[in-house]
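K.L.:
File name protein29.tsv; file contents TSV, C-alpha atoms and all ligand atoms; full text below.
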chain	number	residue	atom	x	y	z
A	109	MET	CA	-8.27	-15.01	-14.58
A	110	GLY	CA	-9.66	-11.58	-13.80
A	111	PRO	CA	-10.36	-8.57	-15.97
A	112	PHE	CA	-7.09	-8.40	-17.92
A	113	ARG	CA	-5.42	-10.01	-20.88
A	114	SER	CA	-2.72	-12.38	-19.67
A	115	ASP	CA	0.00	-10.24	-21.29
A	116	LEU	CA	-0.96	-6.98	-19.51
A	117	LEU	CA	2.45	-6.75	-17.80
A	118	LYS	CA	4.42	-8.97	-20.17
A	119	ASP	CA	8.18	-8.75	-19.48
A	120	LYS	CA	7.87	-5.77	-17.13
A	121	VAL	CA	10.44	-6.05	-14.37
A	122	VAL	CA	8.67	-5.21	-11.11
A	123	LEU	CA	10.55	-4.76	-7.83
A	124	ILE	CA	8.28	-5.04	-4.76
A	125	THR	CA	9.53	-4.17	-1.28
A	126	GLY	CA	7.85	-6.31	1.36
A	127	GLY	CA	6.94	-8.68	-1.48
A	128	GLY	CA	7.27	-11.86	0.59
A	129	THR	CA	4.06	-11.45	2.63
A	130	GLY	CA	0.54	-10.08	2.72
A	131	LEU	CA	-0.50	-7.54	0.11
A	132	GLY	CA	2.98	-7.40	-1.44
A	133	LEU	CA	2.80	-11.15	-2.06
A	134	ALA	CA	-0.74	-10.91	-3.46
A	135	MET	CA	0.24	-8.11	-5.84
A	136	GLY	CA	3.38	-9.95	-6.92
A	137	GLN	CA	1.45	-13.11	-7.68
A	138	ARG	CA	-1.06	-11.17	-9.78
A	139	PHE	CA	1.65	-9.26	-11.65
A	140	ALA	CA	3.45	-12.55	-12.38
A	141	GLU	CA	0.22	-14.10	-13.72
A	142	LEU	CA	0.03	-11.10	-16.05
A	143	GLY	CA	3.53	-11.67	-17.41
A	144	ALA	CA	5.72	-9.57	-15.10
A	145	LEU	CA	9.24	-10.57	-14.10
A	146	LEU	CA	9.27	-10.23	-10.32
A	147	ALA	CA	11.88	-9.16	-7.84
A	148	ILE	CA	10.87	-9.22	-4.19
A	149	THR	CA	12.65	-8.05	-1.10
A	150	GLY	CA	12.28	-7.81	2.67
A	151	ARG	CA	14.35	-8.52	5.77
A	152	ARG	CA	13.59	-12.25	6.24
A	153	GLU	CA	15.30	-14.54	3.77
A	154	GLU	CA	13.19	-17.65	4.56
A	155	VAL	CA	9.98	-15.74	3.86
A	156	LEU	CA	11.27	-14.42	0.54
A	157	LYS	CA	12.60	-17.82	-0.48
A	158	GLU	CA	9.31	-19.56	0.24
A	159	THR	CA	7.29	-16.99	-1.75
A	160	SER	CA	9.74	-16.88	-4.63
A	161	ASP	CA	10.12	-20.67	-4.82
A	162	SER	CA	6.37	-21.12	-4.93
A	163	LEU	CA	6.05	-18.58	-7.77
A	164	VAL	CA	8.81	-20.27	-9.72
A	165	ALA	CA	7.20	-23.67	-9.10
A	166	SER	CA	4.03	-22.24	-10.70
A	167	GLY	CA	6.01	-21.34	-13.80
A	168	TYR	CA	6.57	-17.64	-13.09
A	169	LYS	CA	9.79	-15.62	-13.01
A	170	SER	CA	10.83	-14.50	-9.54
A	171	PHE	CA	14.06	-13.25	-8.01
A	172	TYR	CA	14.64	-12.37	-4.38
A	173	GLN	CA	17.29	-10.75	-2.25
A	174	THR	CA	17.09	-9.61	1.37
A	175	CYS	CA	17.29	-5.90	2.01
A	176	ASP	CA	16.44	-3.65	4.93
A	177	VAL	CA	14.99	-0.54	3.30
A	178	ARG	CA	16.22	1.54	6.22
A	179	ASP	CA	19.77	1.05	4.93
A	180	PRO	CA	20.64	2.86	1.66
A	181	SER	CA	23.71	0.68	1.04
A	182	GLN	CA	21.55	-2.50	1.15
A	183	ILE	CA	19.15	-0.86	-1.31
A	184	HIS	CA	22.08	-0.02	-3.59
A	185	ASP	CA	23.18	-3.68	-3.52
A	186	LEU	CA	19.62	-4.91	-4.09
A	187	VAL	CA	19.05	-2.71	-7.14
A	188	ASN	CA	22.44	-3.76	-8.55
A	189	ALA	CA	21.42	-7.40	-8.10
A	190	VAL	CA	18.02	-6.94	-9.76
A	191	GLU	CA	19.59	-5.09	-12.70
A	192	GLN	CA	22.18	-7.80	-13.01
A	193	HIS	CA	19.46	-10.49	-12.95
A	194	TYR	CA	16.93	-8.93	-15.32
A	195	GLY	CA	18.96	-6.16	-17.06
A	196	HIS	CA	16.80	-3.29	-15.83
A	197	ILE	CA	13.77	-2.33	-13.69
A	198	ASP	CA	10.45	-1.02	-15.05
A	199	VAL	CA	8.32	-0.67	-11.92
A	200	LEU	CA	9.10	-0.05	-8.25
A	201	VAL	CA	6.37	-0.89	-5.73
A	202	ASN	CA	7.04	0.71	-2.35
A	203	ASN	CA	5.01	-1.64	-0.17
A	204	ALA	CA	7.25	-2.40	2.85
A	205	ALA	CA	5.86	-0.90	6.05
A	206	GLY	CA	5.87	-1.08	9.82
A	207	ASN	CA	2.98	-0.14	12.09
A	208	PHE	CA	1.28	-0.85	15.43
A	209	ILE	CA	-1.47	0.71	17.52
A	210	SER	CA	-0.49	2.71	20.59
A	211	PRO	CA	-1.47	5.89	22.40
A	212	THR	CA	1.06	8.39	21.11
A	213	GLU	CA	2.12	9.46	24.61
A	214	ARG	CA	3.28	5.88	25.26
A	215	LEU	CA	5.72	5.93	22.35
A	216	SER	CA	9.46	6.19	22.86
A	217	PRO	CA	11.56	8.04	20.26
A	218	ARG	CA	12.83	4.62	19.12
A	219	ALA	CA	9.25	3.45	18.55
A	220	VAL	CA	8.56	6.53	16.42
A	221	ASP	CA	11.75	5.90	14.44
A	222	ALA	CA	10.90	2.21	13.98
A	223	VAL	CA	7.91	3.19	11.84
A	224	LEU	CA	9.20	6.39	10.23
A	225	ASN	CA	12.45	4.74	9.18
A	226	ILE	CA	10.72	1.90	7.35
A	227	VAL	CA	7.81	3.78	5.84
A	228	LEU	CA	9.07	7.28	5.08
A	229	HIS	CA	12.83	6.93	4.90
A	230	GLY	CA	12.73	3.44	3.38
A	231	THR	CA	10.33	4.53	0.65
A	232	PHE	CA	12.37	7.67	-0.01
A	233	TYR	CA	15.66	5.74	-0.23
A	234	THR	CA	14.34	3.12	-2.69
A	235	THR	CA	12.67	5.86	-4.74
A	236	LEU	CA	15.94	7.78	-4.87
A	237	GLU	CA	18.09	4.77	-5.78
A	238	VAL	CA	15.80	3.57	-8.57
A	239	GLY	CA	14.85	7.07	-9.79
A	240	LYS	CA	18.46	8.23	-10.15
A	241	ARG	CA	19.26	5.17	-12.23
A	242	TRP	CA	16.23	5.63	-14.49
A	243	ILE	CA	17.21	9.24	-15.09
A	244	GLU	CA	20.80	8.30	-15.87
A	245	GLN	CA	19.74	5.39	-18.10
A	246	GLN	CA	17.09	7.63	-19.78
A	247	ARG	CA	14.62	4.86	-19.03
A	248	PRO	CA	10.95	5.50	-18.27
A	249	GLY	CA	9.46	3.88	-15.20
A	250	THR	CA	6.54	3.73	-12.80
A	251	MET	CA	6.54	3.95	-9.03
A	252	LEU	CA	3.56	2.66	-7.08
A	253	ASN	CA	3.39	3.63	-3.41
A	254	ILE	CA	1.10	1.77	-1.02
A	255	VAL	CA	-0.27	4.34	1.44
A	256	THR	CA	-3.41	4.32	3.62
A	257	THR	CA	-6.61	6.34	3.73
A	258	TYR	CA	-5.36	8.11	6.85
A	259	ALA	CA	-2.39	9.43	4.84
A	260	SER	CA	-4.87	12.16	3.89
A	261	THR	CA	-6.97	12.43	7.06
A	262	GLY	CA	-4.51	11.50	9.81
A	263	SER	CA	-5.49	8.99	12.52
A	264	GLY	CA	-5.03	8.77	16.24
A	265	PHE	CA	-3.27	5.74	17.75
A	266	VAL	CA	-1.16	5.11	14.64
A	267	THR	CA	0.45	8.55	14.47
A	268	PRO	CA	3.94	7.53	13.28
A	269	SER	CA	2.34	5.57	10.44
A	270	ALA	CA	-0.05	8.44	9.64
A	271	ALA	CA	2.80	10.97	9.55
A	272	ALA	CA	5.00	8.65	7.48
A	273	LYS	CA	2.29	7.71	4.96
A	274	ALA	CA	1.34	11.39	4.60
A	275	GLY	CA	4.99	12.02	3.76
A	276	VAL	CA	4.94	9.23	1.17
A	277	LEU	CA	1.82	10.72	-0.38
A	278	ALA	CA	3.52	14.13	-0.56
A	279	LEU	CA	6.54	12.47	-2.16
A	280	THR	CA	4.26	10.78	-4.72
A	281	ARG	CA	2.63	14.07	-5.69
A	282	SER	CA	5.88	16.03	-5.69
A	283	LEU	CA	7.78	13.64	-7.94
A	284	ALA	CA	4.77	13.23	-10.22
A	285	VAL	CA	5.59	16.74	-11.38
A	286	GLU	CA	9.35	16.87	-10.94
A	287	TRP	CA	10.18	13.57	-12.64
A	288	ALA	CA	7.43	13.48	-15.30
A	289	PRO	CA	9.78	15.06	-17.87
A	290	TYR	CA	12.04	11.99	-17.42
A	291	GLY	CA	9.13	9.66	-18.21
A	292	ILE	CA	8.83	8.59	-14.58
A	293	ARG	CA	5.26	8.20	-13.40
A	294	GLN	CA	4.03	8.12	-9.79
A	295	VAL	CA	0.86	6.46	-8.54
A	296	ALA	CA	-0.44	5.39	-5.15
A	297	VAL	CA	-3.18	3.24	-3.68
A	298	ALA	CA	-4.83	3.82	-0.31
A	299	PRO	CA	-6.27	0.53	0.96
A	300	GLY	CA	-8.85	0.28	3.71
A	301	PRO	CA	-8.90	-2.87	5.84
A	302	PHE	CA	-7.38	-5.95	4.18
A	303	PRO	CA	-6.81	-8.70	6.75
A	304	THR	CA	-3.18	-9.78	6.53
A	305	GLU	CA	-1.23	-11.48	9.29
A	306	GLY	CA	1.23	-8.57	9.47
A	307	ALA	CA	-1.41	-5.85	9.79
A	308	TRP	CA	-4.02	-7.69	11.88
A	309	SER	CA	-1.55	-8.93	14.50
A	310	ARG	CA	-0.42	-5.36	15.14
A	311	LEU	CA	-3.56	-3.31	14.51
A	312	SER	CA	-6.54	-5.53	15.21
A	313	PRO	CA	-5.32	-8.15	17.68
A	314	THR	CA	-8.69	-8.96	19.36
A	315	PRO	CA	-12.10	-10.04	17.94
A	316	GLU	CA	-13.64	-6.84	19.39
A	317	LEU	CA	-11.20	-4.59	17.53
A	318	GLU	CA	-11.72	-6.63	14.38
A	319	GLN	CA	-15.49	-6.18	14.63
A	320	LYS	CA	-15.03	-2.42	15.16
A	321	MET	CA	-12.92	-2.32	11.99
A	322	LEU	CA	-15.72	-4.07	10.09
A	323	ASP	CA	-18.44	-1.81	11.53
A	324	ARG	CA	-16.71	1.21	10.02
A	325	VAL	CA	-17.06	-0.06	6.46
A	326	PRO	CA	-20.41	0.84	4.85
A	327	MET	CA	-20.12	-2.13	2.51
A	328	GLY	CA	-19.94	-4.35	5.60
A	329	ARG	CA	-16.88	-6.33	4.56
A	330	VAL	CA	-13.13	-6.15	4.40
A	331	GLY	CA	-11.15	-5.99	1.17
A	332	ASP	CA	-10.03	-8.98	-0.86
A	333	PRO	CA	-6.32	-8.91	-1.78
A	334	GLY	CA	-7.33	-9.83	-5.35
A	335	GLU	CA	-9.28	-6.58	-5.62
A	336	LEU	CA	-6.24	-4.57	-4.58
A	337	SER	CA	-3.95	-6.55	-6.88
A	338	ASN	CA	-6.13	-5.91	-9.92
A	339	LEU	CA	-6.17	-2.18	-9.19
A	340	ALA	CA	-2.40	-2.17	-8.75
A	341	ALA	CA	-1.91	-4.16	-11.97
A	342	TYR	CA	-3.93	-1.60	-13.92
A	343	LEU	CA	-2.09	1.33	-12.35
A	344	ILE	CA	1.35	0.00	-13.26
A	345	SER	CA	0.26	-1.04	-16.76
A	346	ASP	CA	0.68	1.01	-19.91
A	347	TYR	CA	-3.10	1.53	-20.00
A	348	ALA	CA	-2.70	3.88	-17.02
A	349	ALA	CA	0.08	5.84	-18.74
A	350	TYR	CA	-1.67	9.21	-18.26
A	351	ILE	CA	-2.40	8.69	-14.55
A	352	ASN	CA	0.32	10.52	-12.67
A	353	GLY	CA	0.37	11.68	-9.05
A	354	GLU	CA	-3.01	10.14	-8.26
A	355	VAL	CA	-3.88	8.13	-5.17
A	356	VAL	CA	-6.73	5.65	-5.62
A	357	THR	CA	-8.68	4.71	-2.50
A	358	ILE	CA	-9.93	1.12	-2.20
A	359	ASP	CA	-11.77	0.88	1.12
A	360	GLY	CA	-15.46	0.10	0.54
A	361	GLY	CA	-16.28	3.71	1.47
A	362	GLU	CA	-14.72	3.45	4.94
A	363	TRP	CA	-13.09	6.86	5.19
A	364	LEU	CA	-16.12	8.66	3.81
A	365	GLN	CA	-18.27	6.91	6.41
A	366	GLY	CA	-16.11	8.49	9.10
A	367	ALA	CA	-16.08	11.87	7.37
A	368	GLY	CA	-19.77	12.55	6.69
A	369	GLN	CA	-21.33	14.30	9.66
A	370	PHE	CA	-24.65	12.43	9.47
A	371	ASN	CA	-23.35	9.01	8.42
A	372	ASP	CA	-23.99	7.51	11.87
A	373	LEU	CA	-27.68	7.66	10.95
A	374	ARG	CA	-27.03	4.34	9.19
A	375	ALA	CA	-27.97	2.84	12.57
A	376	VAL	CA	-31.48	4.39	12.63
A	377	THR	CA	-34.27	1.82	12.12
A	378	GLU	CA	-37.32	2.23	9.81
A	379	GLU	CA	-39.55	2.74	12.85
A	380	GLN	CA	-37.26	5.40	14.25
A	381	TRP	CA	-37.25	7.09	10.83
A	382	ASP	CA	-41.07	7.23	10.95
A	383	VAL	CA	-40.83	9.17	14.22
A	384	LEU	CA	-38.01	11.37	12.96
A	385	ALA	CA	-39.96	12.12	9.78
A	386	GLN	CA	-42.83	13.49	11.88
A	387	LEU	CA	-40.45	15.58	13.95
A	388	THR	CA	-38.50	16.99	11.02
A	389	ARG	CA	-41.35	17.83	8.58
A	390	LYS	CA	-42.33	21.46	8.31
A	391	LYS	CA	-45.28	22.06	10.64
A	392	LYS	CA	-48.51	23.03	8.80
A	393	GLN	CA	-49.48	26.68	9.39
A	394	GLY	CA	-52.55	27.27	11.62
B	401	LIG	C1	4.62	0.38	21.56
B	401	LIG	C2	6.38	-0.57	20.41
B	401	LIG	C3	5.53	-1.57	19.88
B	401	LIG	C4	4.14	-1.54	20.26
B	401	LIG	C5	7.54	-1.92	19.14
B	401	LIG	N1	7.60	-0.84	19.93
B	401	LIG	N2	6.27	-2.38	19.08
B	401	LIG	N3	5.94	0.39	21.23
B	401	LIG	N4	3.74	-0.56	21.10
B	401	LIG	N5	3.28	-2.44	19.80
B	401	LIG	C6	8.80	-0.08	20.27
B	401	LIG	C7	9.83	-0.93	20.99
B	401	LIG	O1	9.56	-0.99	22.37
B	401	LIG	C8	11.13	-0.17	20.70
B	401	LIG	O2	11.26	0.98	21.48
B	401	LIG	C9	10.89	0.32	19.28
B	401	LIG	O3	9.47	0.32	19.07
B	401	LIG	C10	11.55	-0.55	18.22
B	401	LIG	O4	11.08	-1.88	18.42
B	401	LIG	P1	11.74	-3.11	17.67
B	401	LIG	O5	10.91	-4.30	17.93
B	401	LIG	O6	13.21	-3.15	17.95
B	401	LIG	O7	11.56	-2.61	16.13
B	401	LIG	P2	11.87	-3.33	14.78
B	401	LIG	O8	12.49	-4.68	15.00
B	401	LIG	O9	12.56	-2.34	13.94
B	401	LIG	O10	10.39	-3.64	14.20
B	401	LIG	C11	9.62	-2.65	13.62
B	401	LIG	C12	8.14	-2.76	14.01
B	401	LIG	C13	7.62	-4.21	13.80
B	401	LIG	C14	7.39	-1.74	13.19
B	401	LIG	C15	8.01	-2.42	15.51
B	401	LIG	O11	6.26	-4.29	14.16
B	401	LIG	C16	7.79	-4.68	12.37
B	401	LIG	O12	8.83	-5.22	12.01
B	401	LIG	N6	6.76	-4.51	11.51
B	401	LIG	C17	6.83	-4.89	10.09
B	401	LIG	C18	5.52	-5.38	9.55
B	401	LIG	C19	4.30	-4.51	9.86
B	401	LIG	O13	4.29	-3.70	10.78
B	401	LIG	N7	3.21	-4.74	9.11
B	401	LIG	C20	1.95	-4.02	9.29
B	401	LIG	C21	1.76	-3.06	8.20
B	401	LIG	S1	0.07	-2.50	8.19
B	401	LIG	P3	12.18	1.02	22.83
B	401	LIG	O14	12.23	2.46	23.18
B	401	LIG	O15	11.43	0.19	23.82
B	401	LIG	O16	13.51	0.44	22.45
B	401	LIG	C22	0.05	-0.85	7.79
B	401	LIG	C23	-1.22	-0.09	7.52
B	401	LIG	C24	-2.47	-0.74	7.98
B	401	LIG	O17	1.04	-0.25	7.67
B	401	LIG	C25	-3.72	0.09	7.88
B	401	LIG	C26	-4.89	-0.76	8.32
B	401	LIG	C27	-6.21	-0.31	7.90
B	402	LIG	P1	2.80	-7.10	6.00
B	402	LIG	O1	2.51	-8.46	5.46
B	402	LIG	O2	3.30	-6.99	7.39
B	402	LIG	O3	3.79	-6.40	4.99
B	402	LIG	C1	4.88	-5.59	5.35
B	402	LIG	C2	6.10	-6.09	4.59
B	402	LIG	O4	7.15	-5.12	4.74
B	402	LIG	C3	6.64	-7.41	5.10
B	402	LIG	O5	6.86	-8.29	4.02
B	402	LIG	C4	7.96	-7.05	5.75
B	402	LIG	O6	8.91	-8.11	5.60
B	402	LIG	C5	8.36	-5.80	4.96
B	402	LIG	N1	9.26	-4.93	5.72
B	402	LIG	C6	9.03	-4.38	6.94
B	402	LIG	N2	10.09	-3.66	7.34
B	402	LIG	C7	10.99	-3.75	6.34
B	402	LIG	C8	12.30	-3.23	6.17
B	402	LIG	N3	12.89	-2.48	7.10
B	402	LIG	N4	12.96	-3.51	5.01
B	402	LIG	C9	12.38	-4.29	4.06
B	402	LIG	N5	11.15	-4.80	4.17
B	402	LIG	C10	10.47	-4.54	5.30
B	402	LIG	O7	1.48	-6.20	5.94
B	402	LIG	P2	0.49	-5.84	4.73
B	402	LIG	O8	-0.84	-5.68	5.35
B	402	LIG	O9	0.68	-6.76	3.60
B	402	LIG	O10	1.00	-4.39	4.32
B	402	LIG	C11	1.51	-4.11	3.02
B	402	LIG	C12	1.33	-2.65	2.70
B	402	LIG	O11	-0.06	-2.33	2.66
B	402	LIG	C13	1.96	-1.70	3.70
B	402	LIG	O12	2.51	-0.59	3.02
B	402	LIG	C14	0.79	-1.26	4.53
B	402	LIG	O13	1.00	-0.01	5.12
B	402	LIG	C15	-0.27	-1.20	3.46
B	402	LIG	N6	-1.64	-1.22	3.97
B	402	LIG	C16	-2.15	-2.38	4.47
B	402	LIG	C17	-3.46	-2.39	4.91
B	402	LIG	C18	-4.11	-3.63	5.44
B	402	LIG	O14	-5.24	-3.56	5.89
B	402	LIG	N7	-3.45	-4.77	5.40
B	402	LIG	C19	-4.22	-1.21	4.85
B	402	LIG	C20	-3.65	-0.05	4.36
B	402	LIG	C21	-2.36	-0.07	3.91
B	402	LIG	P3	10.09	-8.35	6.68
B	402	LIG	O15	9.47	-8.26	8.03
B	402	LIG	O16	10.61	-9.71	6.31
B	402	LIG	O17	11.09	-7.28	6.43
How does this structure look as structure tokens?

P.N.:
Amino acid sequence: MGPFRSDLLKDKVVLITGGGTGLGLAMGQRFAELGALLAITGRREEVLKETSDSLVASGYKSFYQTCDVRDPSQIHDLVNAVEQHYGHIDVLVNNAAGNFISPTERLSPRAVDAVLNIVLHGTFYTTLEVGKRWIEQQRPGTMLNIVTTYASTGSGFVTPSAAAKAGVLALTRSLAVEWAPYGIRQVAVAPGPFPTEGAWSRLSPTPELEQKMLDRVPMGRVGDPGELSNLAAYLISDYAAYINGEVVTIDGGEWLQGAGQFNDLRAVTEEQWDVLAQLTRKKKQG
């Protein structure tokens, strides 16, 4: 059952964008197990229906409606529908995203927009729609944004995603201050590699690239969606009420491995260290 009491999120209404697949689905399932009332959205109705039906069949509460987060009027309709269904919203999880690997000079303006419009504009529009209502209703709430480790560092070959996620992180930190007086809290998680169909098919489509991804993680493994879901559950729970504007990295140390200048020395063998030790010790005088 995991580290929490089963009523950790009891009766919290949680809206998850991109909740029909991958990490959004995993988080939704965990939140439901912990008592949350779920609302999930995305562009593909059949995907949402399958996920929602299976949650309901397991005895959980789940509502779905399609919505393209690039379109503010669809978001308006979605939030109306969720409020009508559950009465209100307590938590917004901005999880929907688009991404693919490509040399930046190969991108067309439409390719750049395809990612920026989902990740940056979509997240901003849902945040605005839900935030305005919470302020008007004088209702406290929590927003959890799913970013990436390269939101802070940048990364080649996924530059629209890096720019968009950096924007989402800036939005998280900005609103943490601006909307705190309204009782609205902002948190983010920055996952490292978690193999999902959506991400792997676009970012790691060959066994060689997959192995490279693994080699970058000092812990030598990818993440388990359950690990991310438990972190997310804590962050949206009342026990995290004083965490505001923080981004929590969950990547097995991956980004630090890339950042530390000498971290490649992980590959040096014991025998090679014996030689290096001789070479690097201070030479005895005389
Ligand atoms: C170059 C590409 C491309 C690619 C699309 N385009 N894919 N260019 N390489 N692989 C270009 C197209 O040619 C077109 O430009 C423009 O982008 C729009 O393409 P569409 O297919 O019409 O876009 P759309 O239907 O809006 O789909 C959006 C998408 C798609 C982002 C391209 O992949 C998608 O729907 N993704 C949603 C799910 C997803 O990406 N999940 C992964 C999240 S993982 P032209 O000029 O030709 O018309 C993540 C972080 C992972 O975010 C971190 C890992 C550690
Ligand atoms: P995923 O399964 O592809 O999830 C993306 C979801 O977003 C899908 O359900 C998709 O559904 C939805 N979506 C895309 N465009 C949308 C739009 N315009 N409107 C509404 N919904 C839209 O991939 P994932 O790996 O679970 O990714 C989930 C989140 O984790 C993303 O924010 C991603 O950046 C982040 N992340 C993932 C990893 C990883 O290793 N997996 C690492 C770091 C960060 P539809 O296509 O039906 O719309």

K.L.:
Please identify every polymer residue within 8 Å of ligand LIG 401 (chain B), using all atoms listed in the file, and present the set as a tab-separated table (two decimals) with C-alpha atoms, in the frame of the given file.

P.N.:
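Below is the file out_8.tsv, written as the result:
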chain	number	residue	atom	x	y	z
A	204	ALA	CA	7.25	-2.40	2.85
A	205	ALA	CA	5.86	-0.90	6.05
A	206	GLY	CA	5.87	-1.08	9.82
A	207	ASN	CA	2.98	-0.14	12.09
A	208	PHE	CA	1.28	-0.85	15.43
A	209	ILE	CA	-1.47	0.71	17.52
A	210	SER	CA	-0.49	2.71	20.59
A	214	ARG	CA	3.28	5.88	25.26
A	215	LEU	CA	5.72	5.93	22.35
A	216	SER	CA	9.46	6.19	22.86
A	217	PRO	CA	11.56	8.04	20.26
A	218	ARG	CA	12.83	4.62	19.12
A	219	ALA	CA	9.25	3.45	18.55
A	220	VAL	CA	8.56	6.53	16.42
A	221	ASP	CA	11.75	5.90	14.44
A	222	ALA	CA	10.90	2.21	13.98
A	223	VAL	CA	7.91	3.19	11.84
A	226	ILE	CA	10.72	1.90	7.35
A	255	VAL	CA	-0.27	4.34	1.44
A	256	THR	CA	-3.41	4.32	3.62
A	257	THR	CA	-6.61	6.34	3.73
A	269	SER	CA	2.34	5.57	10.44
A	299	PRO	CA	-6.27	0.53	0.96
A	300	GLY	CA	-8.85	0.28	3.71
A	301	PRO	CA	-8.90	-2.87	5.84
A	302	PHE	CA	-7.38	-5.95	4.18
A	306	GLY	CA	1.23	-8.57	9.47
A	307	ALA	CA	-1.41	-5.85	9.79
A	308	TRP	CA	-4.02	-7.69	11.88
A	309	SER	CA	-1.55	-8.93	14.50
A	310	ARG	CA	-0.42	-5.36	15.14
A	311	LEU	CA	-3.56	-3.31	14.51

K.L.:
Can you write out as a tab-separated table which residues of region 328-354 of chain A fall within 9 Å of region 275-295 of chain A, alongside each residue's closest atom pair and its distance in Å to one decimal, counting only C-alpha atoms and ordering rows by chain and ascending residue number?

P.N.:
residue	atom	partner	partner_atom	distance
A:Leu343	CA	A:Val295	CA	7.0
A:Ile344	CA	A:Val295	CA	8.0
A:Ala349	CA	A:Arg293	CA	7.8
A:Tyr350	CA	A:Arg293	CA	8.5
A:Ile351	CA	A:Val295	CA	7.2
A:Asn352	CA	A:Gln294	CA	5.3
A:Gly353	CA	A:Arg281	CA	4.7
A:Glu354	CA	A:Val295	CA	5.3

K.L.:
Could you state the separation of CA of Asp115 (chain A) and CA of Val297 (chain A) in Å, given to one decimal place?

P.N.:
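One can read the CA of Asp115 (chain A) to CA of Val297 (chain A) distance as 22.4 Å.
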
K.L.:
Which is closest to ligand LIG 402 (chain B) among A:Pro268, A:Pro248, A:Gly143, A:Pro303, if we use only C-alpha atoms and all ligand atoms?

P.N.:
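Of all the options, A:Pro303 lies closest to ligand LIG 402 (chain B).
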
K.L.:
With all atoms listed in the file as the atoms that count, which of A:Leu131, A:Leu145, A:Val383, A:Val325 lies nearest to Ser337 (chain A)?

P.N.:
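Looking only at the distances to Ser337 (chain A), the closest residue turns out to be A:Leu131.
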
K.L.:
Between A:Val199, A:Leu133, A:Val376, A:Ala274, which has the minimum distance to ligand LIG 402 (chain B) (counting all atoms listed in the file)?

P.N.:
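The shortest atom-to-atom distance to ligand LIG 402 (chain B) comes from A:Leu133.
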
K.L.:
Just to confirm, what's the straight-line distance from atom N7 of ligand LIG 402 (chain B) to CA of Ala144 (chain A) in Å (one decimal)?

P.N.:
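A separation of 23.0 Å between them.
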
K.L.:
Would you mind telling me which residue in A:Gly249, A:Gly136, A:Gly361, A:Gly262 lies nearest to Ile124 (chain A) when using only C-alpha atoms?

P.N.:
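Among A:Gly249, A:Gly136, A:Gly361, A:Gly262, it is A:Gly136 that comes nearest to Ile124 (chain A).
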
K.L.:
By how many Å are CA of Thr149 (chain A) and CA of Ser260 (chain A) apart?

P.N.:
27.2 Å

K.L.:
Between A:Asp323, A:Glu379, A:Asp176, A:Asp161, single out the one closest to ligand LIG 402 (chain B), counting only C-alpha atoms and all ligand atoms.

P.N.:
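Residue with the minimum atom-to-atom distance to ligand LIG 402 (chain B): A:Asp176.
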